[in-house]
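Engineer: Below is a structure I'd like to ask you about.
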Amino acid sequence: MRDIATLLEALPYIREFHGKTVVIKYGGAAMSDAALKEEFARDVVLLKYVGMNPIVVHGGGPEITSYMDRLGLPVQFVEGLRVSSPETVEIAKMVLVGKVNKDIVLLVNRHGMPAVGLCGDDGLLFRVSRQSSPSGHDIGFVGRIERVDVDLLNRLADGYIPVVASVGADREGTSYNINADEAAGAVARALSAYKIMFLTDVPGWLRDPGDPSSVVSEAAADEVEARLDGVTGGMRPKLQACLDAIHGGVSYAHIVDGRVPHSLLLELFTDAGQGTKIGRAA
């Protein structure tokens, strides 16, 4: 009977989300644990089959770091953003586009729905400019997305699941590493997606970073803005991407624990949810 109750609980959400676009930033443990990778692919395919339009945007930070370590290149982060030399960008493109992206595409394909792998260079999907850290530090060839070709994504989303790697280039053809949280936010904003979801390695946005039980289950954008200056590390770009997406027309942003199997489905289709949900200011 519990299985029936779960299906009935999900029904109104499936009805509400039918035909809606959801952008999913895929990262963290969900990308490195074999079982979680399989569950993620199945969940994304299920979203497509129940009538949603999922678009996956991914990074691959741990794999980039692993290859840089092998090559003896320095690894440095400033305010949650990777400092990127030309060599770093070259490795990021090789790892993200040549390996990680295709691994995700193959998994989704195998679970019953055709996926198409893209990066910002394909079809001029992203137009990028160089950016600094939030406090103005030079972080090298890290890009901010100025434009997203929504026509390309909309055409693909009709029959495929787009899987987008977070690299791109400027008008002169210079390549940039792009923070995957910011890339997902830019895609969601350009598409006016109904939801954007960030898979991470914490239970959600924590009031006390040292207390995993202090999850903020729901917040308005103005509350997040008021507290953003006090947020450090990788959570800051996630929250900023949530705010940018909401201010750009996205209805809801979610931060969910990708270490939990089926966290996407739990957050979308159950009353209790699983992480942090951020909506427009009250």
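Please note that chains go A, B, ... in the order of the structure tokens, that every chain numbers its residues from 1, and that ligands are numbered from 1 in the order shown.
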Against region 240-255 of chain A, which residues of region 21-91 of chain A fall within 10 Å? For each one I want the closest pair of atoms and the distance in Å (one decimal), counting only C-alpha atoms, rows by chain and increasing residue number, as a Markdown table.
Structural biologist:
```
| residue | atom | partner | partner_atom | distance |
| --- | --- | --- | --- | --- |
| A:Thr21 | CA | A:Val250 | CA | 9.8 |
| A:Val22 | CA | A:Val250 | CA | 9.5 |
| A:Val23 | CA | A:Ala253 | CA | 9.5 |
| A:Ile24 | CA | A:His254 | CA | 9.4 |
| A:Lys25 | CA | A:Ile255 | CA | 9.5 |
```
Engineer: DSSP on the backbone, then: every residue of region 131-194 of chain A marked alpha helix (DSSP H), written as a VMD selection string.
Structural biologist: chain A and resid 150 to 157 180 to 191
Engineer: For the selection just defined, write its residues with C-alpha atoms to a file, as a JSON list (two decimals), in the first residue's frame.
Structural biologist:
```json
[["chain", "number", "residue", "atom", "x", "y", "z"],
["A", 150, "VAL", "CA", 17.85, 28.61, -26.79],
["A", 151, "ASP", "CA", 16.68, 27.63, -30.27],
["A", 152, "LEU", "CA", 19.28, 24.87, -30.43],
["A", 153, "LEU", "CA", 18.29, 23.49, -27.01],
["A", 154, "ASN", "CA", 14.57, 23.70, -27.74],
["A", 155, "ARG", "CA", 14.98, 21.83, -31.02],
["A", 156, "LEU", "CA", 16.96, 19.08, -29.34],
["A", 157, "ALA", "CA", 14.66, 18.84, -26.31],
["A", 180, "ALA", "CA", 29.03, 24.46, -13.97],
["A", 181, "ASP", "CA", 26.65, 26.04, -11.45],
["A", 182, "GLU", "CA", 26.79, 29.32, -13.37],
["A", 183, "ALA", "CA", 26.38, 27.51, -16.70],
["A", 184, "ALA", "CA", 23.28, 25.69, -15.44],
["A", 185, "GLY", "CA", 21.85, 28.96, -14.15],
["A", 186, "ALA", "CA", 22.47, 30.69, -17.48],
["A", 187, "VAL", "CA", 20.78, 27.87, -19.39],
["A", 188, "ALA", "CA", 17.76, 27.88, -17.07],
["A", 189, "ARG", "CA", 17.48, 31.65, -17.28],
["A", 190, "ALA", "CA", 17.68, 31.71, -21.07],
["A", 191, "LEU", "CA", 15.01, 29.00, -21.34]]
```
Engineer: So that I can check the surroundings of region 266-271 of chain A, please list as a count of residues only every protein, DNA and RNA residue that reaches within 8 Å of it, counting only C-alpha atoms and ignoring chain neighbours fewer than 2 positions away.
Structural biologist: 13
Engineer: List as a ChimeraX atom specification the protein and nucleic acid residues near Asn179 (chain A), meaning an atom at most 9 Å away when only C-alpha atoms are counted, but skip any in the same chain fewer than 3 places from it.
Structural biologist: /A:59,81-82,142-144,166-167,182-184,237
Engineer: Pick out the residues sitting within 8 Å of region 203-206 of chain A, and hand them over as a PyMOL selection string; count only C-alpha atoms, and ignore anything fewer than 2 positions along from it in its own chain.
Structural biologist: chain A and resi 200-201+208-209+211-217+235+255-257+274-276
Engineer: Identify which of the residues A:Leu47, A:Val75, A:Met31, A:Met52 lies closest to Leu107 (chain A), counting only C-alpha atoms when measuring atom-to-atom distances.
Structural biologist: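 When distances to Leu107 (chain A) are compared using only C-alpha atoms, the smallest one comes from A:Met31.
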Engineer: So that I can see what lies close to region 221-224 of chain A, please list as a list in words the residues with an atom at most 7 Å from it, counting only C-alpha atoms and leaving out residues fewer than 5 positions away in the same chain.
Structural biologist: Leu243, Ile278, Gly279, Arg280 and Ala281 of chain A
Engineer: What is the distance, in Å and to one decimal place, between CA of Phe141 (chain A) and CA of Gly98 (chain A)?
Structural biologist: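 If I compute the distance from CA of Phe141 (chain A) to CA of Gly98 (chain A), I get 19.5 Å.
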Engineer: For a quick check of understanding, using only C-alpha atoms, which of A:Val108, A:Ile64, A:Met197, A:Leu239 has the smallest distance to Leu46 (chain A)?
Structural biologist: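 Between A:Val108, A:Ile64, A:Met197, A:Leu239, the residue approaching Leu46 (chain A) most closely is A:Val108.
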Engineer: In terms of the shortest atom-to-atom distance over only C-alpha atoms, which of A:Leu106, A:Val97, A:Pro162, A:Tyr176 is closest to Ser129 (chain A)?
Structural biologist: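 So, comparing all the options, the nearest one is A:Tyr176.
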